[in-house]
Each structure stands twice: as C-alpha cells, then as structure tokens.
Amino acid sequence: MKHKNKHKPRNNHNSIIEAKRNPKQTSKTGGTFVDKLYAYRDQHAQALFSSLGRLVASRLNALLTVIVLSISISLACGFYLLIMNTKQLTVDLESSNQISLFLHDDVSLASANRLANGIKLDPSVQMVKVITKEQALKEFEDFSGFGDAVRALEKNPLPIVLQVIPKNSLEEGQNVETLVENFKQAAEVDFAQLDLHWVKRLQTMIEVSQCAMILMGILLSLAVLVITGNTIRLEFHTRRDEIIIAKLVGATNSFVQRPFLYSGFWIGFFSGINAWFIVTLMMLILKQSVEKLSMLYNSSFHLLFMGFFETLALIFVSSMLGIVGSWVVVQIQLQQLKS
Amino acid sequence: MKHKNKHKPRNNHNSIIEAKRNPKQTSKTGGTFVDKLYAYRDQHAQALFSSLGRLVASRLNALLTVIVLSISISLACGFYLLIMNTKQLTVDLESSNQISLFLHDDVSLASANRLANGIKLDPSVQMVKVITKEQALKEFEDFSGFGDAVRALEKNPLPIVLQVIPKNSLEEGQNVETLVENFKQAAEVDFAQLDLHWVKRLQTMIEVSQCAMILMGILLSLAVLVITGNTIRLEFHTRRDEIIIAKLVGATNSFVQRPFLYSGFWIGFFSGINAWFIVTLMMLILKQSVEKLSMLYNSSFHLLFMGFFETLALIFVSSMLGIVGSWVVVQIQLQQLKS
Amino acid sequence: MLEFDNVSMRYQEVGDVLRNVSFRLTKGEIAFLTGHSGAGKSTLFKLIAMIERGNRGKIMFNKRDLSQIRSSQIPYIRREMGLIFQDYKLLNDRTVFDNVALPLVIMGYSAKEINGLVRAALSKVGLLGKERKLPLTLSGGEQQRVGIARAVVHKPLIILADEPTGNLDPELSAEIMHLFEQFQNVGVTVLIATHDISLISTLNHRVLRLDHGNLVASVK
Amino acid sequence: MLEFDNVSMRYQEVGDVLRNVSFRLTKGEIAFLTGHSGAGKSTLFKLIAMIERGNRGKIMFNKRDLSQIRSSQIPYIRREMGLIFQDYKLLNDRTVFDNVALPLVIMGYSAKEINGLVRAALSKVGLLGKERKLPLTLSGGEQQRVGIARAVVHKPLIILADEPTGNLDPELSAEIMHLFEQFQNVGVTVLIATHDISLISTLNHRVLRLDHGNLVASVK
Ligand SMILES: Nc1ncnc2c1ncn2[C@@H]1O[C@H](COP(=O)(O)OP(=O)(O)OP(=O)(O)O)[C@@H](O)[C@H]1O
Ligand SMILES: Nc1ncnc2c1ncn2[C@@H]1O[C@H](COP(=O)(O)OP(=O)(O)OP(=O)(O)O)[C@@H](O)[C@H]1O
Ligand SMILES: [Mg+2]
Ligand SMILES: [Mg+2]
C-alpha cells in the first residue's frame, strides 16, 4: 500500500465544520514512522478479522464454499495418499520378480554357495538366496499342493536352486533378460527361469494404474483450481457494488483487494483443515480391511496416513490456493471495472 | 402456472392513454382456451431459449459453471466405469478359485470320470474337469519350471486330479470349505485342496476396493450435489435484484423460477455432454495399456466405455440434476425473500 | 377504490411509523401525499403494495381486504397497481424496452401488443429513441421516467407514485403530472408522494399530510 | 480551484453530451449547476471525479491537470473530493455508521477519530441515532442524507453534490444548503447540480446552466 497523499488527521474535534480543514499532507510530514507502522498493522489486523467476521455472518454462503473446496481438496489428497500407498505396494511386490537358477543335479552345495557369492558381486543383483534340495522339496510341497505325491518319491528329484533378485528390475524388463542370459553361461547352471510373465503383468498393471492416476490427478487439480476460482469469482460478483463504491470514495486497488485476499485465506485455511478430517476419516474406514489384506499377504504393508508435515503442507497449500485464487480473480475483476 | 386472474389484452391500440383500460378478466372470460395454450407455449419456449441466450451472453460465467459441473460429473462417471470394469475383472478371477481333488494313485481314469460326473450333479458346482496323469505332468512341467527335473523321473508320480469350480464361490468362502469336506468323503479322493489363500486374498482385495469405492462414491455424489447447488445459488444471488423487481411488478413465483429452471437445465445438459467427452477421452487414453494387460492375462477383459443407454442416462441425469438443483435453490431463496 | 381504516404500522427497533391513519380515495381521484423526510410516506405505499404486511387496521383495495389476501394471490393484485419507486428499481442489465415491457411479459401479452404498448408509454415520458439503452447509461431523470413508464404501461387501476419527480426539471415534472391527470380521466386512481411544494400548489388536488406517522391534514 | 477549459465529452451511440464547456470556480465558491434532464450535469461531475475520462479539453483541479493523472493516483485525488451521487451509492449491507466511515477507513484514520468525525457528520444531517440502521431500512430522504454525510465527513477540498435534495422536504433542503455554506466559509468549493428552482432563487449564488451539453449561462 502506498502512503503518498494519505491524510493523517491531526486534530480530534468532534465538529467537522468548526475544525479547520487539514492541509494536504504527505506521509513525510504527518505522524512518526512508528505511528504509521502501527496504523498499517491495525488496518491489516482489522481486515483479517473483519473478513472472518463477514464469513461467519454470511454463514450458509461461507459454509457451502468451504464444503465445496474441502471436498475437492480432499479428493486431491485421497489421490495423493493412493499414490503413496501404491508406491509402497510396488516395492513390496518387487520381490516376486526373481530369477531362479536351477543347478545341475550333481552340483554340490559348496560349489552352489561359491556360485552364489560370485553372482552377488554383480552390480545389478540385489540378493541371492541358495535353496537346498531339501528346502526346495519342502517349498514345492507347500506351494504346489502336490505334497503327498512328492513325499511318495524315494529320491528327491529336485535340484539346488539359486534365487536371484535383481535391482530395480521392475522398471527395466529388458535388462533382466540379458542378466538371465549371463547366468545361463555358468557351468553349474542347468537352466535359468525368469518369472517374466509376472514381471510383465505387474509392469502393465502399474502402467495402467499410473496412467489412470495421472488422468485423475489432472482432472482433480483442474477441478480444485476451477472450483476455487469460480467460487471466489462469484463471491466477488456479489460484492461488486461494494468495490465500486469504495473506489469512488478513494480506495486504492490494494485496499479493495485486501478483504478478498483475507477471505480467500480463511476459506482456503478452513477448507484445508476440513479436507484433512475428511481424508483421515476415509483412511480410518479403510484401515481395517487394508490391514486384513496386508496380513494375508504376509507383507509389511501399512496404510500411510497424512503425516505431520504433509498436514502442514496441505493446510499451507490450500490457504495459498485461496489467496492466489482470490488474487487472480480480483485482478481480473479490477481490470474489468477499469475506473 | 396458474392462469387465474391473468390479464389478456383484447385491444391493440398503440396509445396507452386513449385505449380504454381492460376490465379485470379471469382466464374463463379472456380469449379461447387454445389461444391461452399458444400463449403459454410461447412463454415457455421464449423462456427456454432466452435462458440459453442469457447463458451465451454471460459467456465466462456459464463456461466456468459448465466446466466445474462437468468435471464433477465426469469424476462420478469415471468412478461408475471403474466399478463396472472391476466387476468384470472379478468374474474373470473367479476361475482361479477352484478345488483340486487328488485321487488315489490306483484310481482308474474311468472311475475318475464317473466320480466327476457325480460331482457335476451337485447344484453348487459349476464345472468339473478331469486332469489325467499325463496332463498333470505336462501342466506341472509348464507351470512349475521344474520341467527337466520331472522329466528325469522314470515313473509319473502324479495322480489324477479333478478340478472343481464351484458356483459363486467368491462371495461365500465358508460354503466352499464345506463343499471341500464333502468331496473328501469320496473313497477315490486321496486329499482335496482349496486355493483358499487366493480366495481370501481376492475377497479382501475386493472388500478394500469396494470400501474405497463406496467412500469415493459418497464423496463424489456429495461434491456434485454441493457444487451444483452452490453454483446455482450464487447465480441466483447475482440475479436477486431481478427477482425482487419482477415480483414487485406482479410476477408469480412460477414466472420467476422458470428462467432458473431452464438455465439449470441447459447447464446440466451441457455439463453432461461435456462430461461424456471427458470420460471417453480418459478411457481412450487408458485403453491401450489396459488391453496390453488383458492380453498378458489371456483374459477376455475388454474395457467398458459408456454405452448408448448409459450416455443417454448420463445426460438425462445431469440435466435433471441441473433442474432439481435450481428448483431447490430457487425455492429456498424465494422463501427468504418472503414478499 | 382505496380505503385506510385506522392503519398502524410498527417496525421493530424504531417503533410506530404509521399511527391510526384513515383516509379514502375514490375511483379516478388524484391525491398528493406529503410530509417531512421519514414521515412514513413510502411505508404507506409499501402497505398498499403488500411489500410490507404486518400492519394493524384495515386496508381495502378494489373491494378486497388486503390482510385477507394469500401470498400466492399477491402477484395478481399487484398487476392492478402501477408502482413508481423512490429508487426506480430498474433492471440494470436489461434495456429500457425490456424494463418497461416487464409487467406485460409477466401478464402474458403477445410480442406485438408489448411492442406497441411499450413504445406508447415511452413516448409519453419523452424517452422514445432510448429503447435500446441500458439504465446505467441514462441520466437520473431519464431513469426515473423509465420507472414511470413501467408503472403505467399495463394500465393499472391505481398508480402509486413515490417521489416521481425528484430528479426531474420543472417542465418535465409538469408533463408527468399531466400524464397522471390523463390517467385520472379514464378512471385511474393516483396517489403521489412528493416534497415538491410548487407542484402541489399549482395543481388543485387533494393533499394528505403525514407528520411522524400521523395523518394531520387532508385538504383540497 | 476548478477550471474547465473547452471541455467536450462524447459517448458512443449518443454523441456529444458536453460541448466546449468552460468555467472556473475559485476556492470557497458555491455554484449551482442546472439544466433539463439529460443536459449533462452528472456527466460533468463524472469527469471531475474521473469516473469517466475520455474528454477533450482541459480540466484543472487544485492546480493539477486531470488528464495527466495516472490510474494509480486517482484514489488520492478522489480523497480531496466529496462526492454526493444522484443514486446515493450506499453499501446496503453495512450500517449507516460504516457507510459514513468508509472514506475515513480508507484514509487510515484511527478508530477514535473515525468515531468522532462520523457522529459529527451524522448530527449535521440530522441522522444522529440512526448509526446502527441499514440503509434499506431508511426512508429515501434519510438515505440521501447518509450520502451527504459521507461526502463531507473527511473535509474535502471540493464538494460535488448531484441533486442532493431531490428527496428532501423544503426545510431539510434549506438545512443542507446551510451546511454547504458552512463548508464554504472554511474555504471548501461547492458545486451543486439541482432542479430545485425555489432553492436556487432563495440563495444568492452563481448559477451555471447547461442545455444539451452547452453552457448557456453563468450568472449570479
Ligand atoms: N424496513 C424498515 N425497518 C425499520 N425501519 C424502517 C424500515 N423502513 C422504514 N423505516 C423507518 O420508518 C420511517 C419512515 O420511513 P418512510 O420510508 O416511510 O419515510 P418517507 O416518508 O418515505 O420519507 P422520505 O420522504 O425521506 O422518503 C423512517 O424513519 C425509516 O427509518
Ligand atoms: N455511460 C453512458 N453511456 C451513454 N450515454 C450516456 C452515459 N451516461 C450518460 N449518458 C447520456 O448522456 C446524457 C447526459 O446524461 P447526464 O447524466 O449527464 O444528464 P443529467 O444532466 O445529469 O440529467 P438528470 O438531471 O436527469 O440527472 C443523457 O442523455 C444520457 O442518456
Ligand atoms: Mg420515501
Ligand atoms: Mg444527473
């Protein structure tokens, strides 16, 4: 706000006639700098709380605006949490992307261990696990359901298996295949198998959901922006007369826009808090069934909630959204009013 | 609209002074009924198209309203399609919920077939498939990756297996287990295995996603309703003076609300069409990656788009939403205006 | 045509605005309503137009007791009145033509009839040629005359004019008064609230004088 | 203080509304601006207040050429003026007190100063005791006086009053004129657009007469 040409009254007479008119003063002559600072702060504080007061006064109005905004913000938040939770899930699933190296029947456990240690040195390998014949049989029994059948066998027909988990293999399906080719070269290896089928499925599933999420994200961001802008624009419209009149009696643009910025702030602030509650409520409702699922998967998956800093960020961003939205709308409208 | 007390002018003089004033007329005396009908239709047609004209005139205003509404409607639609597509997926996955009956080693293929036919008669069974020893070995080789190991065996260690697919088994996990118990009683059956682990996982996954979807659905319906109502309310607010003045010069409530109902209709109508385009565009973007996934699953999964009747329903519902939303808001506001 | 019988009106906070007002206007009569600022003139008009309703006493208009009228019937009573408001009450986003046509549109006249009647009304108040302008691009006096045209365009039974000449020069004021007298001649009752002493004195009509809500004089 | 030098103003569609208007008001002078409805009085005021700007010719106010003022400086010039509008232009959702206080709030006065000045201004127009009311619950004349109070509350250099007594009774009009004369005595220039012939004739001030945009007389 500019202070140039601002009248500072010096006298405090009650009659406006008898009091000698104040000569025109610039900010350099009227009052000390500190006085001016106080007046400036007062004016801002007053605008901040009177804007809250106005919001409370037009209850239904403000309530609806906050509801609309908080729903769109909580949709965006829910979407964010979905992404974060899915990311966690992806990490979890990565372990199912593994290479099984079946060694020749006559390879001893010692040389198998040696081979495993060699493979471990490969920079693209994350982990190697040696599965002995006995473990393999046990696992096979458990996994395949052919337990009795296998147990009936006199001799364990299964070879030693090395389970190799490559690094970041999910992202680069091609690389994994060359890795498999490499492993096949080892003398001890009978044949190698990559559960590529699974990798591809997972990759495509992730692709699809990422695609869907990006689309949803774009749509939601758009929704939040448009809804915020539209709500503030309509609020501006209902207060158009007020602005015109204030400008006619000498209000600067910054004076006119201040209450809008403040009510934008309040609306954004309360919408953010409200959105947090909506999202947290939704997550709490989801929590139980997700944990059941996680238990069945034997996974360490834990539902992510809004963290402390994320909550702060949410409230900050929604407040900013309110302020910026108001600012843009007010600028456009002030342009249209011209005079 | 009531026609009582409606003035119908009889003369057509151009001077308002010289023309004798029309005596007060009720609809029973002034003009024929058909005339009245025409006037009524004209008035409605005029209101319908003038409301469109007003929407076009306040372009930015109407555009923003339609954008906001169409985004929320398309979110709801996308959500609907998600459910429909997931349902399809569920049906697809149902086949993985099967019971494997491992028969005793000495059971002949003929008696296995006889047993299978017996089981087929059970009303809760959908399908029974007999897997011969040879098929089982082949499948085992393909599936387990232990091909070479198995091929090294002299004698096929695997029994005949009956694959039983129960009806609607996904929904009633408990029932399936009793079914399995029954099958176990048969003399030919060595042991029975139910991939209950998978069933439970699937059930829980579906539970979780259903829960999430219901929450999203509630939130979205709320959003659509509140946004529609709020937008119309604010539009009403900007036209409050117009309504007050119209009522002061003798407008009935139905006359006042008519343009709002019509512009509610137009807004809903265009939002519906717009939402259809948004949803279809999103589905087209998703199509490719979904089809890749579907291929990998060897499934007959096809992405569902908005069908013809669904499109009609969408446009109908969004138009109705516009009309009903306007109606509610107008009623509330007219109540507040009292006189 | 119009009869006030011991009518009182009170607003919360300010108390009685009208006190035991009784008078009677016959068909085709013109009367002035005067009184200081805040005397209750506009309030009296609002009671007749049923913009405010909570009065005591009885108001009879065209043989009907206004306190007996149901809300849904108010529009039809208002169509028999021509209201000129102190603050014009024009639709600022509609043209002059549309503003004047509003009562006719509401009453379901055909487009052709509307066109003729609106142009006739506008020519009577000297605004022919300004049909396409928006109210905000008119001068104060021109806006006031748009309000007058709208009040008379549908040939009401009674014209209630609240300060109709406040923004008009003396010549135009005289013309508007002449317009009202023409309506009087075809049997329309006219009640005019005004501060314009010279207007009242040059014309020989009955004068009702309000003072702090009391009717203190009713002279010819 | 105020000088018009060959000022013309045209609106698209309607053509010239002011034609070569030249006059000069010195500090502490009162002048009436008259003319028929639509003569261009309000337009002349709008040019001074820079509500409309596209004029030809030169307008000097307080030694500054108004055509040289940048948009961002307009608010500071307006604070030296007291504008009374023909249609009041009050904030209908704020109390009378807030309406009158608006110019002071904008100029950053302290709450205590505002309280004193607003009450003084309201008492001058006879509205003390109505501070808490909303404009729509006031009579027409009371609203007009709120507008007058708002225009004088911050002691402007010039008062531009557009039809300030259109809805006031003769006694109140005289009081308002007296108020303007008090301001004149402390050096405030006052320009009053009015149709009220009796008011003009009883007071001995200069009269500027507009006719279809031409200044046809400037007599004392
Ligand atoms: N809605 C309302 N609520 C409260 N008080 C009201 C309301 N309307 C009017 N008043 C008060 O009633 C009194 C009479 O008002 P009214 O408008 O009838 O005066 P008036 O005679 O028309 O005055 P004027 O000549 O100034 O228009 C005024 O003091 C006013 O403040
Ligand atoms: N914004 C505008 N656009 C177009 N024409 C306008 C505009 N403002 C005013 N006019 C026209 O300019 C003319 C002069 O208007 P102005 O308001 O100055 O008259 P006035 O002298 O104040 O009249 P009154 O006494 O009725 O208030 C009028 O004919 C009016 O229609
Ligand atoms: Mg009044
Ligand atoms: Mg004017």
# chains A, B, ... in the order shown; residues from 1 in each chain; ligands from 1
>>> residues_near_ligand(ligand="ligand 4", cutoff="6 Å", atoms="only C-alpha atoms and all ligand atoms", output="MDAnalysis selection string")
(chainID C and resid 139:140) or (chainID D and resid 41:42)
>>> residues_around(residues="B:Ala76", least_positions_apart="2", cutoff="10 Å", atoms="only C-alpha atoms", output="list in words")
Ser70, Ile71, Ser72, Ile73, Ser74, Gly78, Phe79, Tyr80, Leu81, Leu82, Met216, Gly217, Ile218, Leu219, Leu220, Ser221, Ala223, Val224, Ala275 and Val279 of chain B
>>> closest_residue(among="C:Asp93, C:Glu52, C:Glu29, C:Asp196", to="C:Ser67", atoms="only C-alpha atoms")
C:Glu52
>>> residues_around(residues="B:Val249", least_positions_apart="3", cutoff="9 Å", atoms="only C-alpha atoms", output="VMD selection string")
(chain B and resid 244 to 246) or (chain C and resid 75 78 to 79 81 to 83 102 to 103 106 150 to 151)
>>> write_last_selection(atoms="N, CA, C and O atoms", output="PDB file, in the first residue's frame")
ATOM      1  N   ILE B 244     -36.448  -9.685  -7.261  1.00  0.00           N
ATOM      2  CA  ILE B 244     -37.210  -8.787  -6.399  1.00  0.00           C
ATOM      3  C   ILE B 244     -38.059  -7.852  -7.246  1.00  0.00           C
ATOM      4  O   ILE B 244     -39.248  -7.660  -7.005  1.00  0.00           O
ATOM      5  N   ILE B 245     -37.444  -7.280  -8.258  1.00  0.00           N
ATOM      6  CA  ILE B 245     -38.164  -6.320  -9.097  1.00  0.00           C
ATOM      7  C   ILE B 245     -39.305  -6.988  -9.850  1.00  0.00           C
ATOM      8  O   ILE B 245     -40.415  -6.475  -9.910  1.00  0.00           O
ATOM      9  N   ALA B 246     -39.012  -8.170 -10.416  1.00  0.00           N
ATOM     10  CA  ALA B 246     -40.072  -8.876 -11.146  1.00  0.00           C
ATOM     11  C   ALA B 246     -41.254  -9.148 -10.227  1.00  0.00           C
ATOM     12  O   ALA B 246     -42.409  -8.957 -10.607  1.00  0.00           O
TER      13      ALA B 246
ATOM     14  N   PRO C  75     -49.295 -11.506  -6.469  1.00  0.00           N
ATOM     15  CA  PRO C  75     -48.933 -11.054  -7.817  1.00  0.00           C
ATOM     16  C   PRO C  75     -50.119 -10.528  -8.614  1.00  0.00           C
ATOM     17  O   PRO C  75     -49.997  -9.529  -9.331  1.00  0.00           O
ATOM     18  N   ARG C  78     -51.018  -7.092  -7.493  1.00  0.00           N
ATOM     19  CA  ARG C  78     -50.005  -6.106  -7.909  1.00  0.00           C
ATOM     20  C   ARG C  78     -50.163  -5.735  -9.374  1.00  0.00           C
ATOM     21  O   ARG C  78     -49.781  -4.646  -9.790  1.00  0.00           O
ATOM     22  N   ARG C  79     -50.696  -6.651 -10.171  1.00  0.00           N
ATOM     23  CA  ARG C  79     -50.865  -6.333 -11.596  1.00  0.00           C
ATOM     24  C   ARG C  79     -51.923  -5.267 -11.801  1.00  0.00           C
ATOM     25  O   ARG C  79     -52.020  -4.696 -12.884  1.00  0.00           O
ATOM     26  N   MET C  81     -51.942  -2.653  -9.964  1.00  0.00           N
ATOM     27  CA  MET C  81     -51.311  -1.432  -9.467  1.00  0.00           C
ATOM     28  C   MET C  81     -50.167  -1.028 -10.384  1.00  0.00           C
ATOM     29  O   MET C  81     -49.572  -1.851 -11.059  1.00  0.00           O
ATOM     30  N   GLY C  82     -49.868   0.267 -10.385  1.00  0.00           N
ATOM     31  CA  GLY C  82     -48.678   0.740 -11.081  1.00  0.00           C
ATOM     32  C   GLY C  82     -47.784   1.387 -10.038  1.00  0.00           C
ATOM     33  O   GLY C  82     -48.133   2.411  -9.464  1.00  0.00           O
ATOM     34  N   LEU C  83     -46.635   0.766  -9.765  1.00  0.00           N
ATOM     35  CA  LEU C  83     -45.786   1.250  -8.675  1.00  0.00           C
ATOM     36  C   LEU C  83     -44.596   2.025  -9.228  1.00  0.00           C
ATOM     37  O   LEU C  83     -43.858   1.522 -10.080  1.00  0.00           O
ATOM     38  N   LEU C 102     -41.533  -5.446 -18.886  1.00  0.00           N
ATOM     39  CA  LEU C 102     -41.597  -6.491 -17.863  1.00  0.00           C
ATOM     40  C   LEU C 102     -43.013  -6.817 -17.359  1.00  0.00           C
ATOM     41  O   LEU C 102     -43.419  -7.978 -17.360  1.00  0.00           O
ATOM     42  N   PRO C 103     -43.806  -5.793 -16.951  1.00  0.00           N
ATOM     43  CA  PRO C 103     -45.155  -6.139 -16.460  1.00  0.00           C
ATOM     44  C   PRO C 103     -45.996  -6.830 -17.531  1.00  0.00           C
ATOM     45  O   PRO C 103     -46.764  -7.743 -17.230  1.00  0.00           O
ATOM     46  N   ILE C 106     -44.846 -10.431 -17.947  1.00  0.00           N
ATOM     47  CA  ILE C 106     -45.339 -11.209 -16.808  1.00  0.00           C
ATOM     48  C   ILE C 106     -46.811 -11.559 -16.986  1.00  0.00           C
ATOM     49  O   ILE C 106     -47.254 -12.651 -16.647  1.00  0.00           O
ATOM     50  N   ARG C 150     -42.847   2.213 -16.861  1.00  0.00           N
ATOM     51  CA  ARG C 150     -43.127   0.820 -16.491  1.00  0.00           C
ATOM     52  C   ARG C 150     -44.382   0.716 -15.623  1.00  0.00           C
ATOM     53  O   ARG C 150     -45.130  -0.257 -15.691  1.00  0.00           O
ATOM     54  N   ALA C 151     -44.599   1.764 -14.804  1.00  0.00           N
ATOM     55  CA  ALA C 151     -45.740   1.714 -13.886  1.00  0.00           C
ATOM     56  C   ALA C 151     -47.060   1.905 -14.610  1.00  0.00           C
ATOM     57  O   ALA C 151     -48.103   1.467 -14.123  1.00  0.00           O
TER      58      ALA C 151
END
>>> residues_near_ligand(ligand="ligand 2", cutoff="7 Å", atoms="only C-alpha atoms and all ligand atoms", output="ChimeraX atom specification")
/C:136-142,167-168 /D:11-14,17,35-44
>>> write_last_selection(atoms="N, CA and C atoms", output="compact mmCIF listing (two decimals), in the first residue's frame")
# COMPACT_ATOMS: atom_id res chain seq x y z
N LEU C 136 -28.12 2.15 -16.80
CA LEU C 136 -26.94 2.83 -16.25
C LEU C 136 -26.34 3.85 -17.20
N THR C 137 -26.73 3.82 -18.46
CA THR C 137 -26.22 4.83 -19.38
C THR C 137 -27.24 5.96 -19.56
N LEU C 138 -28.23 6.01 -18.67
CA LEU C 138 -29.21 7.09 -18.72
C LEU C 138 -28.93 8.09 -17.61
N SER C 139 -29.41 9.30 -17.79
CA SER C 139 -29.29 10.28 -16.69
C SER C 139 -30.30 9.93 -15.61
N GLY C 140 -30.12 10.52 -14.43
CA GLY C 140 -31.01 10.23 -13.30
C GLY C 140 -32.47 10.45 -13.65
N GLY C 141 -32.76 11.57 -14.29
CA GLY C 141 -34.14 11.89 -14.65
C GLY C 141 -34.69 10.92 -15.68
N GLU C 142 -33.82 10.49 -16.59
CA GLU C 142 -34.27 9.52 -17.60
C GLU C 142 -34.62 8.19 -16.95
N ASN C 167 -36.05 13.90 -9.50
CA ASN C 167 -34.90 14.17 -10.34
C ASN C 167 -35.28 14.78 -11.69
N LEU C 168 -36.48 15.39 -11.72
CA LEU C 168 -36.92 15.97 -12.99
C LEU C 168 -36.97 17.49 -12.90
N TYR D 11 -20.25 10.25 -25.85
CA TYR D 11 -20.47 8.82 -25.63
C TYR D 11 -20.75 8.20 -26.99
N GLN D 12 -20.18 7.05 -27.21
CA GLN D 12 -20.54 6.29 -28.39
C GLN D 12 -22.06 6.20 -28.45
N GLU D 13 -22.63 6.17 -29.63
CA GLU D 13 -24.07 5.99 -29.83
C GLU D 13 -24.86 7.27 -29.61
N VAL D 14 -24.63 7.97 -28.49
CA VAL D 14 -25.45 9.17 -28.24
C VAL D 14 -24.78 10.45 -28.69
N VAL D 17 -22.19 14.81 -25.30
CA VAL D 17 -23.03 15.06 -24.13
C VAL D 17 -22.64 16.41 -23.51
N GLY D 35 -30.11 22.68 -15.45
CA GLY D 35 -30.32 22.25 -16.82
C GLY D 35 -31.34 21.14 -16.85
N HIS D 36 -31.95 20.96 -17.99
CA HIS D 36 -33.01 19.94 -18.11
C HIS D 36 -32.47 18.54 -17.85
N SER D 37 -33.36 17.61 -17.71
CA SER D 37 -32.95 16.22 -17.50
C SER D 37 -32.21 15.72 -18.74
N GLY D 38 -31.00 15.23 -18.53
CA GLY D 38 -30.18 14.75 -19.65
C GLY D 38 -29.31 15.84 -20.25
N ALA D 39 -29.20 16.98 -19.57
CA ALA D 39 -28.41 18.09 -20.09
C ALA D 39 -26.91 17.82 -20.01
N GLY D 40 -26.49 16.97 -19.10
CA GLY D 40 -25.08 16.65 -18.98
C GLY D 40 -24.47 16.99 -17.62
N LYS D 41 -25.33 17.26 -16.63
CA LYS D 41 -24.83 17.67 -15.32
C LYS D 41 -24.03 16.54 -14.65
N SER D 42 -24.64 15.38 -14.60
CA SER D 42 -23.94 14.27 -13.95
C SER D 42 -22.67 13.90 -14.71
N THR D 43 -22.72 14.02 -16.02
CA THR D 43 -21.53 13.72 -16.83
C THR D 43 -20.38 14.67 -16.46
N LEU D 44 -20.73 15.95 -16.26
CA LEU D 44 -19.71 16.92 -15.87
C LEU D 44 -19.07 16.52 -14.54
>>> select_by_dssp(residues="stretch 105-201 of chain D", states="strand (DSSP E or B)", output="JSON, numbers by chain")
{"D": [158, 159, 160, 161, 162, 189, 190, 191, 192, 193]}
>>> select_by_dssp(residues="stretch 231-327 of chain A", states="helix (DSSP H, G or I)", output="count of residues only")
81
>>> interface_residues(of="chain D", to="chain A", cutoff="9 Å", atoms="only C-alpha atoms", output="PyMOL selection string")
chain D and resi 49-53+71-83+89-93+102-103+105-110+112-113+115-121+124+150-157+179+182-183+186-188
>>> closest_residue(among="C:Val216, C:Asn185, C:His205, C:Ser173", to="chain D", atoms="only C-alpha atoms")
C:Ser173
>>> closest_residue(among="D:Ile48, D:Ile59, D:Leu199, D:Val219", to="chain C", atoms="only C-alpha atoms")
D:Leu199
>>> residues_around(residues="stretch 181-192 of chain B", least_positions_apart="5", cutoff="9 Å", atoms="only C-alpha atoms", output="PyMOL selection string")
(chain A and resi 148) or (chain B and resi 99-107+111-112+115+119+176)
>>> residues_around(residues="D:Gly213", least_positions_apart="2", cutoff="8 Å", atoms="only C-alpha atoms", output="VMD selection string")
chain D and resid 16 to 19 21 39 to 40 210 to 211 215
>>> write_last_selection(atoms="N, CA, C and O atoms", output="PDB file, in the first residue's frame")
ATOM      1  N   ASP D  16     -22.182  13.819 -28.632  1.00  0.00           N
ATOM      2  CA  ASP D  16     -21.652  14.756 -27.638  1.00  0.00           C
ATOM      3  C   ASP D  16     -22.656  15.003 -26.525  1.00  0.00           C
ATOM      4  O   ASP D  16     -23.797  15.368 -26.774  1.00  0.00           O
ATOM      5  N   VAL D  17     -22.186  14.812 -25.301  1.00  0.00           N
ATOM      6  CA  VAL D  17     -23.029  15.060 -24.133  1.00  0.00           C
ATOM      7  C   VAL D  17     -22.635  16.406 -23.514  1.00  0.00           C
ATOM      8  O   VAL D  17     -23.473  17.120 -22.964  1.00  0.00           O
ATOM      9  N   LEU D  18     -21.359  16.789 -23.648  1.00  0.00           N
ATOM     10  CA  LEU D  18     -20.896  18.129 -23.254  1.00  0.00           C
ATOM     11  C   LEU D  18     -20.174  18.736 -24.455  1.00  0.00           C
ATOM     12  O   LEU D  18     -19.442  18.052 -25.164  1.00  0.00           O
ATOM     13  N   ARG D  19     -20.396  20.045 -24.670  1.00  0.00           N
ATOM     14  CA  ARG D  19     -19.764  20.700 -25.824  1.00  0.00           C
ATOM     15  C   ARG D  19     -19.063  21.974 -25.390  1.00  0.00           C
ATOM     16  O   ARG D  19     -19.699  22.921 -24.953  1.00  0.00           O
ATOM     17  N   VAL D  21     -17.381  23.200 -22.899  1.00  0.00           N
ATOM     18  CA  VAL D  21     -17.771  23.808 -21.623  1.00  0.00           C
ATOM     19  C   VAL D  21     -16.539  24.458 -20.985  1.00  0.00           C
ATOM     20  O   VAL D  21     -15.509  23.805 -20.811  1.00  0.00           O
ATOM     21  N   ALA D  39     -29.201  16.983 -19.566  1.00  0.00           N
ATOM     22  CA  ALA D  39     -28.414  18.093 -20.094  1.00  0.00           C
ATOM     23  C   ALA D  39     -26.913  17.816 -20.008  1.00  0.00           C
ATOM     24  O   ALA D  39     -26.122  18.401 -20.746  1.00  0.00           O
ATOM     25  N   GLY D  40     -26.495  16.975 -19.095  1.00  0.00           N
ATOM     26  CA  GLY D  40     -25.076  16.647 -18.976  1.00  0.00           C
ATOM     27  C   GLY D  40     -24.473  16.986 -17.620  1.00  0.00           C
ATOM     28  O   GLY D  40     -23.257  16.950 -17.455  1.00  0.00           O
ATOM     29  N   LEU D 210     -26.735  24.400 -18.057  1.00  0.00           N
ATOM     30  CA  LEU D 210     -26.402  23.551 -19.204  1.00  0.00           C
ATOM     31  C   LEU D 210     -27.658  23.342 -20.036  1.00  0.00           C
ATOM     32  O   LEU D 210     -28.756  23.190 -19.502  1.00  0.00           O
ATOM     33  N   ASP D 211     -27.476  23.341 -21.366  1.00  0.00           N
ATOM     34  CA  ASP D 211     -28.593  22.997 -22.244  1.00  0.00           C
ATOM     35  C   ASP D 211     -28.057  22.103 -23.356  1.00  0.00           C
ATOM     36  O   ASP D 211     -27.269  22.550 -24.192  1.00  0.00           O
ATOM     37  N   LEU D 215     -22.910  25.131 -22.199  1.00  0.00           N
ATOM     38  CA  LEU D 215     -23.058  26.007 -21.045  1.00  0.00           C
ATOM     39  C   LEU D 215     -23.665  27.306 -21.550  1.00  0.00           C
ATOM     40  O   LEU D 215     -23.014  28.073 -22.261  1.00  0.00           O
TER      41      LEU D 215
END
>>> closest_residue(among="D:Met177, D:Val96, D:Ile159, D:Ile197", to="ligand 1", atoms="only C-alpha atoms and all ligand atoms")
D:Val96
>>> closest_residue(among="C:Arg70, C:Lys63, C:Lys46, C:Lys27", to="ligand 3", atoms="only C-alpha atoms and all ligand atoms")
C:Lys46
>>> atom_distance(atom1="atom CA of A:Thr311", atom2="atom CA of A:Thr280")
10.4 Å
>>> closest_residue(among="D:Leu33, D:Val7, D:Leu66, D:Ile114", to="D:Ala217", atoms="only C-alpha atoms")
D:Leu33
>>> atom_distance(atom1="atom CA of B:His237", atom2="atom CA of B:Gly322")
16.5 Å
